[in-house]
Amino acid sequence: SKGKKVVITGVPGVGKTTVIDSSLEALKEEGVNYTSINFGTCMFEVACDQGIVNDRDEMRKLDQELQRALQKTAAQVIAKIQDNVIIDTHCTVSTPHGYLAGLPSWVLQELNPDIIVLVETDEDQILKRRLSDTSRTRDMEGYSTIKDHQRFNRYMAASYAMMTGCTVKIVKNLDFLLENAVGEMVALLR
Ligand code: AP5
């Protein structure tokens, strides 16, 4: 039978990957298994094979056409998975030409998610987390830009729900309260 498909999103640095990893560990102990796929990693592997980027943070600066082609290939790969699957991705990607839909209609149709999760937290906490993560090349964005991005992501999630009939769940990942976020996520995925 077909597994559950859960798309997990949030602006860069909100801590989605951290919440996903801890949630999957907890679920495993209960005997609930998910395959976790990072959409950006799928895109990056294709982009590397094509020799068009050296770093995952270069992808959002590529031509729109190239980003779309990478999205499409990644979606086709992920759509083949029959298990319960978590897709770690973005509602929208902030590009030099504006917000790019992370799940444009042809990606959404391939994935056909049951739930879209928005991982959110206070903008000042996101700013701090980005500054302390030296492994990545983050865009220098201020508080209000991050706030706009989080707000826009909610609008996009609403339109994805209209297109697919999925539910939208907001999970807060506040400083010092990671276990609350994990608890909510586990309840959702169980
Ligand atoms: P991706 O790899 O998803 O990049 P990202 O958004 O920057 O994701 P990160 O994994 O760096 O951030 P995170 O939010 O998961 O935070 P983390 O857990 O590391 O995407 C890369 C690229 O792929 C994109 O730029 C785009 O080009 C492309 N892409 C992806 N999907 C796409 C799509 N659908 N369409 C088009 N392009 C797409 O945590 C961050 C920090 O916070 C850590 O230091 C952590 O310890 C800390 N932290 C986490 N939780 C807490 C807490 N509760 N309290 C305190 N600190 C915390």
# chains A, B, ... in the order shown; residues from 1 in each chain; ligands from 1

$ select_by_dssp --residues "region 95-124 of chain A" --states "strand (DSSP E or B)" --output "ChimeraX atom specification"
/A:95,98-101,115-120

$ write_last_selection --atoms "N, CA, C and O atoms" --output "tab-separated table (two decimals), in the first residue's frame"
chain	number	residue	atom	x	y	z
A	95	THR	N	15.02	33.92	-4.21
A	95	THR	CA	16.00	34.02	-5.30
A	95	THR	C	16.24	35.50	-5.61
A	95	THR	O	15.46	36.36	-5.16
A	98	GLY	N	13.08	37.17	-6.81
A	98	GLY	CA	11.85	37.04	-6.02
A	98	GLY	C	11.65	35.62	-5.53
A	98	GLY	O	12.52	34.76	-5.70
A	99	TYR	N	10.50	35.39	-4.90
A	99	TYR	CA	10.21	34.06	-4.36
A	99	TYR	C	9.88	33.07	-5.47
A	99	TYR	O	9.04	33.35	-6.31
A	100	LEU	N	10.55	31.94	-5.43
A	100	LEU	CA	10.28	30.85	-6.37
A	100	LEU	C	9.47	29.78	-5.62
A	100	LEU	O	9.89	29.36	-4.53
A	101	ALA	N	8.35	29.36	-6.18
A	101	ALA	CA	7.55	28.31	-5.53
A	101	ALA	C	8.39	27.05	-5.40
A	101	ALA	O	8.97	26.57	-6.38
A	115	ILE	N	0.21	15.92	3.97
A	115	ILE	CA	0.35	17.02	4.93
A	115	ILE	C	1.51	17.93	4.48
A	115	ILE	O	2.54	17.42	4.04
A	116	ILE	N	1.32	19.23	4.65
A	116	ILE	CA	2.44	20.17	4.51
A	116	ILE	C	2.67	20.80	5.88
A	116	ILE	O	1.73	21.32	6.50
A	117	VAL	N	3.89	20.69	6.37
A	117	VAL	CA	4.24	21.26	7.66
A	117	VAL	C	5.07	22.52	7.43
A	117	VAL	O	5.99	22.53	6.60
A	118	LEU	N	4.72	23.58	8.17
A	118	LEU	CA	5.55	24.79	8.17
A	118	LEU	C	6.25	24.84	9.52
A	118	LEU	O	5.57	24.96	10.55
A	119	VAL	N	7.55	24.71	9.53
A	119	VAL	CA	8.31	24.89	10.77
A	119	VAL	C	8.64	26.37	10.87
A	119	VAL	O	9.19	26.95	9.93
A	120	GLU	N	8.25	26.99	11.97
A	120	GLU	CA	8.44	28.43	12.13
A	120	GLU	C	9.05	28.74	13.50
A	120	GLU	O	8.90	27.96	14.44

$ residues_around --residues "Lys169 (chain A)" --least-positions-apart "4" --cutoff "12 Å" --atoms "only C-alpha atoms" --output "mmCIF file with N, CA and C atoms, in the first residue's frame"
data_model
loop_
_atom_site.group_PDB
_atom_site.id
_atom_site.type_symbol
_atom_site.label_atom_id
_atom_site.label_comp_id
_atom_site.auth_asym_id
_atom_site.auth_seq_id
_atom_site.Cartn_x
_atom_site.Cartn_y
_atom_site.Cartn_z
ATOM 1 N N VAL A 6 4.664 13.402 3.636
ATOM 2 C CA VAL A 6 4.658 14.614 4.437
ATOM 3 C C VAL A 6 5.767 15.544 3.955
ATOM 4 N N VAL A 7 5.363 16.741 3.552
ATOM 5 C CA VAL A 7 6.329 17.742 3.097
ATOM 6 C C VAL A 7 6.625 18.671 4.274
ATOM 7 N N ILE A 8 7.890 18.808 4.625
ATOM 8 C CA ILE A 8 8.263 19.656 5.761
ATOM 9 C C ILE A 8 9.079 20.845 5.258
ATOM 10 N N THR A 9 8.590 22.037 5.584
ATOM 11 C CA THR A 9 9.185 23.256 5.043
ATOM 12 C C THR A 9 9.514 24.249 6.155
ATOM 13 N N GLY A 10 10.249 25.272 5.792
ATOM 14 C CA GLY A 10 10.594 26.342 6.732
ATOM 15 C C GLY A 10 11.735 27.137 6.140
ATOM 16 N N ASP A 114 0.145 14.375 1.710
ATOM 17 C CA ASP A 114 -1.004 14.324 2.621
ATOM 18 C C ASP A 114 -0.999 15.521 3.562
ATOM 19 N N ILE A 115 0.212 15.919 3.969
ATOM 20 C CA ILE A 115 0.353 17.024 4.927
ATOM 21 C C ILE A 115 1.510 17.928 4.483
ATOM 22 N N ILE A 116 1.319 19.234 4.647
ATOM 23 C CA ILE A 116 2.438 20.166 4.514
ATOM 24 C C ILE A 116 2.668 20.799 5.882
ATOM 25 N N VAL A 117 3.893 20.691 6.371
ATOM 26 C CA VAL A 117 4.244 21.264 7.665
ATOM 27 C C VAL A 117 5.072 22.524 7.434
ATOM 28 N N LEU A 118 4.723 23.583 8.165
ATOM 29 C CA LEU A 118 5.545 24.791 8.172
ATOM 30 C C LEU A 118 6.246 24.836 9.520
ATOM 31 N N VAL A 119 7.554 24.713 9.528
ATOM 32 C CA VAL A 119 8.308 24.885 10.772
ATOM 33 C C VAL A 119 8.636 26.371 10.865
ATOM 34 N N GLU A 120 8.248 26.988 11.974
ATOM 35 C CA GLU A 120 8.442 28.433 12.133
ATOM 36 C C GLU A 120 9.046 28.737 13.497
ATOM 37 N N ARG A 154 3.286 30.982 4.310
ATOM 38 C CA ARG A 154 1.936 30.571 4.738
ATOM 39 C C ARG A 154 0.941 30.722 3.597
ATOM 40 N N ALA A 157 1.494 27.871 1.233
ATOM 41 C CA ALA A 157 0.991 26.601 1.788
ATOM 42 C C ALA A 157 -0.522 26.531 1.611
ATOM 43 N N ALA A 158 -1.203 27.660 1.780
ATOM 44 C CA ALA A 158 -2.655 27.687 1.598
ATOM 45 C C ALA A 158 -3.006 27.324 0.155
ATOM 46 N N ALA A 161 -2.589 23.644 -0.423
ATOM 47 C CA ALA A 161 -3.704 22.893 0.176
ATOM 48 C C ALA A 161 -4.933 22.938 -0.728
ATOM 49 N N ALA A 181 8.723 20.916 19.693
ATOM 50 C CA ALA A 181 8.564 20.795 18.240
ATOM 51 C C ALA A 181 8.598 19.319 17.837
ATOM 52 N N GLU A 184 5.349 17.527 18.780
ATOM 53 C CA GLU A 184 4.253 17.819 17.837
ATOM 54 C C GLU A 184 4.439 17.088 16.521
ATOM 55 N N MET A 185 5.687 17.064 16.067
ATOM 56 C CA MET A 185 5.984 16.420 14.785
ATOM 57 C C MET A 185 5.736 14.905 14.878
ATOM 58 N N ALA A 187 3.703 13.341 16.877
ATOM 59 C CA ALA A 187 2.257 13.096 16.937
ATOM 60 C C ALA A 187 1.633 13.154 15.542
ATOM 61 N N LEU A 188 2.164 14.051 14.738
ATOM 62 C CA LEU A 188 1.648 14.227 13.380
ATOM 63 C C LEU A 188 2.012 13.050 12.473
ATOM 64 N N LEU A 189 3.201 12.519 12.676
ATOM 65 C CA LEU A 189 3.738 11.494 11.769
ATOM 66 C C LEU A 189 3.386 10.068 12.191
#

$ closest_atom_pairs --of "chain A" --to "ligand 1" --cutoff "8 Å" --atoms "only C-alpha atoms and all ligand atoms" --output "JSON lines"
{"residue": "A:Thr9", "atom": "CA", "partner": "ligand 1", "partner_atom_place_in_ligand_line": "14 (O)", "distance": 8.0}
{"residue": "A:Gly10", "atom": "CA", "partner": "ligand 1", "partner_atom_place_in_ligand_line": "14 (O)", "distance": 6.0}
{"residue": "A:Val11", "atom": "CA", "partner": "ligand 1", "partner_atom_place_in_ligand_line": "6 (O)", "distance": 5.7}
{"residue": "A:Pro12", "atom": "CA", "partner": "ligand 1", "partner_atom_place_in_ligand_line": "6 (O)", "distance": 3.4}
{"residue": "A:Gly13", "atom": "CA", "partner": "ligand 1", "partner_atom_place_in_ligand_line": "14 (O)", "distance": 3.8}
{"residue": "A:Val14", "atom": "CA", "partner": "ligand 1", "partner_atom_place_in_ligand_line": "14 (O)", "distance": 4.0}
{"residue": "A:Gly15", "atom": "CA", "partner": "ligand 1", "partner_atom_place_in_ligand_line": "16 (O)", "distance": 3.3}
{"residue": "A:Lys16", "atom": "CA", "partner": "ligand 1", "partner_atom_place_in_ligand_line": "15 (O)", "distance": 3.9}
{"residue": "A:Thr17", "atom": "CA", "partner": "ligand 1", "partner_atom_place_in_ligand_line": "18 (O)", "distance": 3.7}
{"residue": "A:Thr18", "atom": "CA", "partner": "ligand 1", "partner_atom_place_in_ligand_line": "18 (O)", "distance": 3.7}
{"residue": "A:Val19", "atom": "CA", "partner": "ligand 1", "partner_atom_place_in_ligand_line": "50 (N)", "distance": 6.6}
{"residue": "A:Ile20", "atom": "CA", "partner": "ligand 1", "partner_atom_place_in_ligand_line": "18 (O)", "distance": 8.0}
{"residue": "A:Asn38", "atom": "CA", "partner": "ligand 1", "partner_atom_place_in_ligand_line": "3 (O)", "distance": 6.7}
{"residue": "A:Phe39", "atom": "CA", "partner": "ligand 1", "partner_atom_place_in_ligand_line": "31 (N)", "distance": 4.8}
{"residue": "A:Gly40", "atom": "CA", "partner": "ligand 1", "partner_atom_place_in_ligand_line": "23 (O)", "distance": 3.4}
{"residue": "A:Thr41", "atom": "CA", "partner": "ligand 1", "partner_atom_place_in_ligand_line": "2 (O)", "distance": 6.4}
{"residue": "A:Met43", "atom": "CA", "partner": "ligand 1", "partner_atom_place_in_ligand_line": "23 (O)", "distance": 6.7}
{"residue": "A:Phe44", "atom": "CA", "partner": "ligand 1", "partner_atom_place_in_ligand_line": "23 (O)", "distance": 7.0}
{"residue": "A:Arg56", "atom": "CA", "partner": "ligand 1", "partner_atom_place_in_ligand_line": "22 (C)", "distance": 5.5}
{"residue": "A:Asp57", "atom": "CA", "partner": "ligand 1", "partner_atom_place_in_ligand_line": "25 (O)", "distance": 5.3}
{"residue": "A:Glu58", "atom": "CA", "partner": "ligand 1", "partner_atom_place_in_ligand_line": "27 (O)", "distance": 6.9}
{"residue": "A:Met59", "atom": "CA", "partner": "ligand 1", "partner_atom_place_in_ligand_line": "27 (O)", "distance": 4.4}
{"residue": "A:Arg60", "atom": "CA", "partner": "ligand 1", "partner_atom_place_in_ligand_line": "27 (O)", "distance": 3.8}
{"residue": "A:Lys61", "atom": "CA", "partner": "ligand 1", "partner_atom_place_in_ligand_line": "27 (O)", "distance": 7.5}
{"residue": "A:Gln67", "atom": "CA", "partner": "ligand 1", "partner_atom_place_in_ligand_line": "36 (C)", "distance": 6.2}
{"residue": "A:Arg68", "atom": "CA", "partner": "ligand 1", "partner_atom_place_in_ligand_line": "36 (C)", "distance": 7.1}
{"residue": "A:Leu70", "atom": "CA", "partner": "ligand 1", "partner_atom_place_in_ligand_line": "36 (C)", "distance": 7.6}
{"residue": "A:Gln71", "atom": "CA", "partner": "ligand 1", "partner_atom_place_in_ligand_line": "35 (N)", "distance": 5.4}
{"residue": "A:Asp88", "atom": "CA", "partner": "ligand 1", "partner_atom_place_in_ligand_line": "3 (O)", "distance": 6.3}
{"residue": "A:Thr89", "atom": "CA", "partner": "ligand 1", "partner_atom_place_in_ligand_line": "31 (N)", "distance": 4.2}
{"residue": "A:His90", "atom": "CA", "partner": "ligand 1", "partner_atom_place_in_ligand_line": "31 (N)", "distance": 4.9}
{"residue": "A:Cys91", "atom": "CA", "partner": "ligand 1", "partner_atom_place_in_ligand_line": "34 (N)", "distance": 6.7}
{"residue": "A:Thr92", "atom": "CA", "partner": "ligand 1", "partner_atom_place_in_ligand_line": "35 (N)", "distance": 7.0}
{"residue": "A:Val93", "atom": "CA", "partner": "ligand 1", "partner_atom_place_in_ligand_line": "26 (C)", "distance": 6.0}
{"residue": "A:Ser94", "atom": "CA", "partner": "ligand 1", "partner_atom_place_in_ligand_line": "25 (O)", "distance": 7.8}
{"residue": "A:Leu100", "atom": "CA", "partner": "ligand 1", "partner_atom_place_in_ligand_line": "36 (C)", "distance": 7.0}
{"residue": "A:Ala101", "atom": "CA", "partner": "ligand 1", "partner_atom_place_in_ligand_line": "35 (N)", "distance": 6.5}
{"residue": "A:Gly102", "atom": "CA", "partner": "ligand 1", "partner_atom_place_in_ligand_line": "34 (N)", "distance": 3.5}
{"residue": "A:Leu103", "atom": "CA", "partner": "ligand 1", "partner_atom_place_in_ligand_line": "34 (N)", "distance": 5.5}
{"residue": "A:Gln125", "atom": "CA", "partner": "ligand 1", "partner_atom_place_in_ligand_line": "55 (C)", "distance": 7.7}
{"residue": "A:Ile126", "atom": "CA", "partner": "ligand 1", "partner_atom_place_in_ligand_line": "42 (O)", "distance": 7.3}
{"residue": "A:Arg129", "atom": "CA", "partner": "ligand 1", "partner_atom_place_in_ligand_line": "42 (O)", "distance": 4.7}
{"residue": "A:Arg130", "atom": "CA", "partner": "ligand 1", "partner_atom_place_in_ligand_line": "41 (C)", "distance": 6.5}
{"residue": "A:Ser132", "atom": "CA", "partner": "ligand 1", "partner_atom_place_in_ligand_line": "44 (O)", "distance": 6.5}
{"residue": "A:Asp133", "atom": "CA", "partner": "ligand 1", "partner_atom_place_in_ligand_line": "44 (O)", "distance": 5.4}
{"residue": "A:Arg136", "atom": "CA", "partner": "ligand 1", "partner_atom_place_in_ligand_line": "11 (O)", "distance": 6.9}
{"residue": "A:Arg138", "atom": "CA", "partner": "ligand 1", "partner_atom_place_in_ligand_line": "7 (O)", "distance": 7.3}
{"residue": "A:Asn173", "atom": "CA", "partner": "ligand 1", "partner_atom_place_in_ligand_line": "53 (N)", "distance": 4.8}
{"residue": "A:Leu174", "atom": "CA", "partner": "ligand 1", "partner_atom_place_in_ligand_line": "53 (N)", "distance": 4.8}
{"residue": "A:Asp175", "atom": "CA", "partner": "ligand 1", "partner_atom_place_in_ligand_line": "54 (N)", "distance": 3.6}
{"residue": "A:Phe176", "atom": "CA", "partner": "ligand 1", "partner_atom_place_in_ligand_line": "54 (N)", "distance": 5.0}
{"residue": "A:Leu177", "atom": "CA", "partner": "ligand 1", "partner_atom_place_in_ligand_line": "53 (N)", "distance": 5.3}
{"residue": "A:Leu178", "atom": "CA", "partner": "ligand 1", "partner_atom_place_in_ligand_line": "53 (N)", "distance": 3.8}
{"residue": "A:Glu179", "atom": "CA", "partner": "ligand 1", "partner_atom_place_in_ligand_line": "53 (N)", "distance": 7.6}
{"residue": "A:Ala181", "atom": "CA", "partner": "ligand 1", "partner_atom_place_in_ligand_line": "53 (N)", "distance": 7.5}

$ closest_residue --among "A:Met162, A:Val85, A:Ala47, A:Leu24" --to "Val182 (chain A)" --atoms "only C-alpha atoms"
A:Leu24

$ select_by_dssp --residues "region 58-126 of chain A" --states "alpha helix (DSSP H)" --output "JSON, numbers by chain"
{"A": [64, 65, 66, 67, 68, 69, 70, 71, 72, 73, 74, 75, 76, 77, 78, 79, 105, 106, 107, 108, 109, 110, 111, 123, 124, 125, 126]}

$ decode --residues "region 90-123 of chain A" --atoms "N, CA, C and O atoms" --output "PDB file, in the first residue's frame"
ATOM      1  N   HIS A  90      11.320  23.450   0.765  1.00  0.00           N
ATOM      2  CA  HIS A  90      10.928  24.852   0.984  1.00  0.00           C
ATOM      3  C   HIS A  90       9.594  25.163   0.341  1.00  0.00           C
ATOM      4  O   HIS A  90       9.343  24.761  -0.792  1.00  0.00           O
ATOM      5  N   CYS A  91       8.751  25.905   1.057  1.00  0.00           N
ATOM      6  CA  CYS A  91       7.499  26.409   0.479  1.00  0.00           C
ATOM      7  C   CYS A  91       7.844  27.355  -0.666  1.00  0.00           C
ATOM      8  O   CYS A  91       7.278  27.264  -1.747  1.00  0.00           O
ATOM      9  N   THR A  92       8.760  28.274  -0.383  1.00  0.00           N
ATOM     10  CA  THR A  92       9.306  29.140  -1.428  1.00  0.00           C
ATOM     11  C   THR A  92      10.795  29.319  -1.182  1.00  0.00           C
ATOM     12  O   THR A  92      11.265  29.234  -0.047  1.00  0.00           O
ATOM     13  N   VAL A  93      11.513  29.547  -2.270  1.00  0.00           N
ATOM     14  CA  VAL A  93      12.950  29.795  -2.204  1.00  0.00           C
ATOM     15  C   VAL A  93      13.166  31.267  -2.545  1.00  0.00           C
ATOM     16  O   VAL A  93      12.617  31.769  -3.530  1.00  0.00           O
ATOM     17  N   SER A  94      13.952  31.952  -1.728  1.00  0.00           N
ATOM     18  CA  SER A  94      14.222  33.361  -1.983  1.00  0.00           C
ATOM     19  C   SER A  94      15.354  33.478  -3.007  1.00  0.00           C
ATOM     20  O   SER A  94      16.493  33.129  -2.723  1.00  0.00           O
ATOM     21  N   THR A  95      15.021  33.917  -4.214  1.00  0.00           N
ATOM     22  CA  THR A  95      16.005  34.022  -5.302  1.00  0.00           C
ATOM     23  C   THR A  95      16.242  35.504  -5.606  1.00  0.00           C
ATOM     24  O   THR A  95      15.464  36.358  -5.164  1.00  0.00           O
ATOM     25  N   PRO A  96      17.276  35.815  -6.396  1.00  0.00           N
ATOM     26  CA  PRO A  96      17.505  37.223  -6.742  1.00  0.00           C
ATOM     27  C   PRO A  96      16.335  37.852  -7.509  1.00  0.00           C
ATOM     28  O   PRO A  96      16.202  39.065  -7.544  1.00  0.00           O
ATOM     29  N   HIS A  97      15.464  37.020  -8.092  1.00  0.00           N
ATOM     30  CA  HIS A  97      14.321  37.552  -8.839  1.00  0.00           C
ATOM     31  C   HIS A  97      13.000  37.402  -8.102  1.00  0.00           C
ATOM     32  O   HIS A  97      11.935  37.486  -8.713  1.00  0.00           O
ATOM     33  N   GLY A  98      13.075  37.170  -6.809  1.00  0.00           N
ATOM     34  CA  GLY A  98      11.851  37.041  -6.020  1.00  0.00           C
ATOM     35  C   GLY A  98      11.648  35.620  -5.529  1.00  0.00           C
ATOM     36  O   GLY A  98      12.518  34.763  -5.698  1.00  0.00           O
ATOM     37  N   TYR A  99      10.502  35.391  -4.902  1.00  0.00           N
ATOM     38  CA  TYR A  99      10.215  34.062  -4.356  1.00  0.00           C
ATOM     39  C   TYR A  99       9.883  33.074  -5.470  1.00  0.00           C
ATOM     40  O   TYR A  99       9.039  33.350  -6.311  1.00  0.00           O
ATOM     41  N   LEU A 100      10.553  31.938  -5.429  1.00  0.00           N
ATOM     42  CA  LEU A 100      10.276  30.851  -6.375  1.00  0.00           C
ATOM     43  C   LEU A 100       9.472  29.785  -5.621  1.00  0.00           C
ATOM     44  O   LEU A 100       9.888  29.361  -4.531  1.00  0.00           O
ATOM     45  N   ALA A 101       8.350  29.362  -6.179  1.00  0.00           N
ATOM     46  CA  ALA A 101       7.554  28.313  -5.528  1.00  0.00           C
ATOM     47  C   ALA A 101       8.388  27.045  -5.401  1.00  0.00           C
ATOM     48  O   ALA A 101       8.972  26.572  -6.382  1.00  0.00           O
ATOM     49  N   GLY A 102       8.465  26.499  -4.199  1.00  0.00           N
ATOM     50  CA  GLY A 102       9.182  25.239  -3.999  1.00  0.00           C
ATOM     51  C   GLY A 102       8.411  24.064  -4.587  1.00  0.00           C
ATOM     52  O   GLY A 102       8.999  23.063  -4.973  1.00  0.00           O
ATOM     53  N   LEU A 103       7.080  24.196  -4.612  1.00  0.00           N
ATOM     54  CA  LEU A 103       6.231  23.114  -5.105  1.00  0.00           C
ATOM     55  C   LEU A 103       5.281  23.655  -6.178  1.00  0.00           C
ATOM     56  O   LEU A 103       4.066  23.710  -5.973  1.00  0.00           O
ATOM     57  N   PRO A 104       5.811  24.064  -7.333  1.00  0.00           N
ATOM     58  CA  PRO A 104       4.928  24.483  -8.418  1.00  0.00           C
ATOM     59  C   PRO A 104       4.046  23.303  -8.835  1.00  0.00           C
ATOM     60  O   PRO A 104       4.346  22.154  -8.487  1.00  0.00           O
ATOM     61  N   SER A 105       2.988  23.553  -9.570  1.00  0.00           N
ATOM     62  CA  SER A 105       1.955  22.532  -9.790  1.00  0.00           C
ATOM     63  C   SER A 105       2.507  21.185 -10.249  1.00  0.00           C
ATOM     64  O   SER A 105       2.068  20.144  -9.768  1.00  0.00           O
ATOM     65  N   TRP A 106       3.494  21.219 -11.140  1.00  0.00           N
ATOM     66  CA  TRP A 106       3.978  19.923 -11.658  1.00  0.00           C
ATOM     67  C   TRP A 106       4.785  19.153 -10.620  1.00  0.00           C
ATOM     68  O   TRP A 106       4.844  17.933 -10.675  1.00  0.00           O
ATOM     69  N   VAL A 107       5.370  19.858  -9.655  1.00  0.00           N
ATOM     70  CA  VAL A 107       6.060  19.172  -8.551  1.00  0.00           C
ATOM     71  C   VAL A 107       5.006  18.624  -7.580  1.00  0.00           C
ATOM     72  O   VAL A 107       5.070  17.474  -7.150  1.00  0.00           O
ATOM     73  N   LEU A 108       4.020  19.446  -7.283  1.00  0.00           N
ATOM     74  CA  LEU A 108       2.958  19.078  -6.357  1.00  0.00           C
ATOM     75  C   LEU A 108       2.210  17.835  -6.842  1.00  0.00           C
ATOM     76  O   LEU A 108       1.890  16.940  -6.069  1.00  0.00           O
ATOM     77  N   GLN A 109       1.950  17.785  -8.144  1.00  0.00           N
ATOM     78  CA  GLN A 109       1.238  16.629  -8.694  1.00  0.00           C
ATOM     79  C   GLN A 109       2.063  15.348  -8.579  1.00  0.00           C
ATOM     80  O   GLN A 109       1.521  14.280  -8.333  1.00  0.00           O
ATOM     81  N   GLU A 110       3.363  15.478  -8.751  1.00  0.00           N
ATOM     82  CA  GLU A 110       4.236  14.299  -8.604  1.00  0.00           C
ATOM     83  C   GLU A 110       4.227  13.820  -7.153  1.00  0.00           C
ATOM     84  O   GLU A 110       4.134  12.631  -6.889  1.00  0.00           O
ATOM     85  N   LEU A 111       4.334  14.762  -6.227  1.00  0.00           N
ATOM     86  CA  LEU A 111       4.499  14.391  -4.824  1.00  0.00           C
ATOM     87  C   LEU A 111       3.179  14.035  -4.154  1.00  0.00           C
ATOM     88  O   LEU A 111       3.122  13.162  -3.312  1.00  0.00           O
ATOM     89  N   ASN A 112       2.126  14.773  -4.498  1.00  0.00           N
ATOM     90  CA  ASN A 112       0.795  14.560  -3.927  1.00  0.00           C
ATOM     91  C   ASN A 112       0.822  14.347  -2.404  1.00  0.00           C
ATOM     92  O   ASN A 112       0.428  13.287  -1.899  1.00  0.00           O
ATOM     93  N   PRO A 113       1.255  15.353  -1.649  1.00  0.00           N
ATOM     94  CA  PRO A 113       1.424  15.182  -0.198  1.00  0.00           C
ATOM     95  C   PRO A 113       0.104  15.078   0.566  1.00  0.00           C
ATOM     96  O   PRO A 113      -0.917  15.608   0.132  1.00  0.00           O
ATOM     97  N   ASP A 114       0.145  14.375   1.710  1.00  0.00           N
ATOM     98  CA  ASP A 114      -1.004  14.324   2.621  1.00  0.00           C
ATOM     99  C   ASP A 114      -0.999  15.521   3.562  1.00  0.00           C
ATOM    100  O   ASP A 114      -2.047  16.015   3.956  1.00  0.00           O
ATOM    101  N   ILE A 115       0.212  15.919   3.969  1.00  0.00           N
ATOM    102  CA  ILE A 115       0.353  17.024   4.927  1.00  0.00           C
ATOM    103  C   ILE A 115       1.510  17.928   4.483  1.00  0.00           C
ATOM    104  O   ILE A 115       2.545  17.423   4.039  1.00  0.00           O
ATOM    105  N   ILE A 116       1.319  19.234   4.647  1.00  0.00           N
ATOM    106  CA  ILE A 116       2.438  20.166   4.514  1.00  0.00           C
ATOM    107  C   ILE A 116       2.668  20.799   5.882  1.00  0.00           C
ATOM    108  O   ILE A 116       1.728  21.324   6.497  1.00  0.00           O
ATOM    109  N   VAL A 117       3.893  20.691   6.371  1.00  0.00           N
ATOM    110  CA  VAL A 117       4.244  21.264   7.665  1.00  0.00           C
ATOM    111  C   VAL A 117       5.072  22.524   7.434  1.00  0.00           C
ATOM    112  O   VAL A 117       5.989  22.532   6.603  1.00  0.00           O
ATOM    113  N   LEU A 118       4.723  23.583   8.165  1.00  0.00           N
ATOM    114  CA  LEU A 118       5.545  24.791   8.172  1.00  0.00           C
ATOM    115  C   LEU A 118       6.246  24.836   9.520  1.00  0.00           C
ATOM    116  O   LEU A 118       5.571  24.959  10.549  1.00  0.00           O
ATOM    117  N   VAL A 119       7.554  24.713   9.528  1.00  0.00           N
ATOM    118  CA  VAL A 119       8.308  24.885  10.772  1.00  0.00           C
ATOM    119  C   VAL A 119       8.636  26.371  10.865  1.00  0.00           C
ATOM    120  O   VAL A 119       9.188  26.947   9.929  1.00  0.00           O
ATOM    121  N   GLU A 120       8.248  26.988  11.974  1.00  0.00           N
ATOM    122  CA  GLU A 120       8.442  28.433  12.133  1.00  0.00           C
ATOM    123  C   GLU A 120       9.046  28.737  13.497  1.00  0.00           C
ATOM    124  O   GLU A 120       8.901  27.956  14.438  1.00  0.00           O
ATOM    125  N   THR A 121       9.687  29.887  13.596  1.00  0.00           N
ATOM    126  CA  THR A 121      10.025  30.428  14.909  1.00  0.00           C
ATOM    127  C   THR A 121      10.160  31.936  14.787  1.00  0.00           C
ATOM    128  O   THR A 121       9.978  32.500  13.702  1.00  0.00           O
ATOM    129  N   ASP A 122      10.474  32.601  15.904  1.00  0.00           N
ATOM    130  CA  ASP A 122      10.651  34.057  15.878  1.00  0.00           C
ATOM    131  C   ASP A 122      11.816  34.406  14.962  1.00  0.00           C
ATOM    132  O   ASP A 122      12.836  33.716  14.952  1.00  0.00           O
ATOM    133  N   GLU A 123      11.655  35.506  14.255  1.00  0.00           N
ATOM    134  CA  GLU A 123      12.646  35.895  13.256  1.00  0.00           C
ATOM    135  C   GLU A 123      14.023  36.173  13.867  1.00  0.00           C
ATOM    136  O   GLU A 123      15.046  35.882  13.254  1.00  0.00           O
TER     137      GLU A 123
END
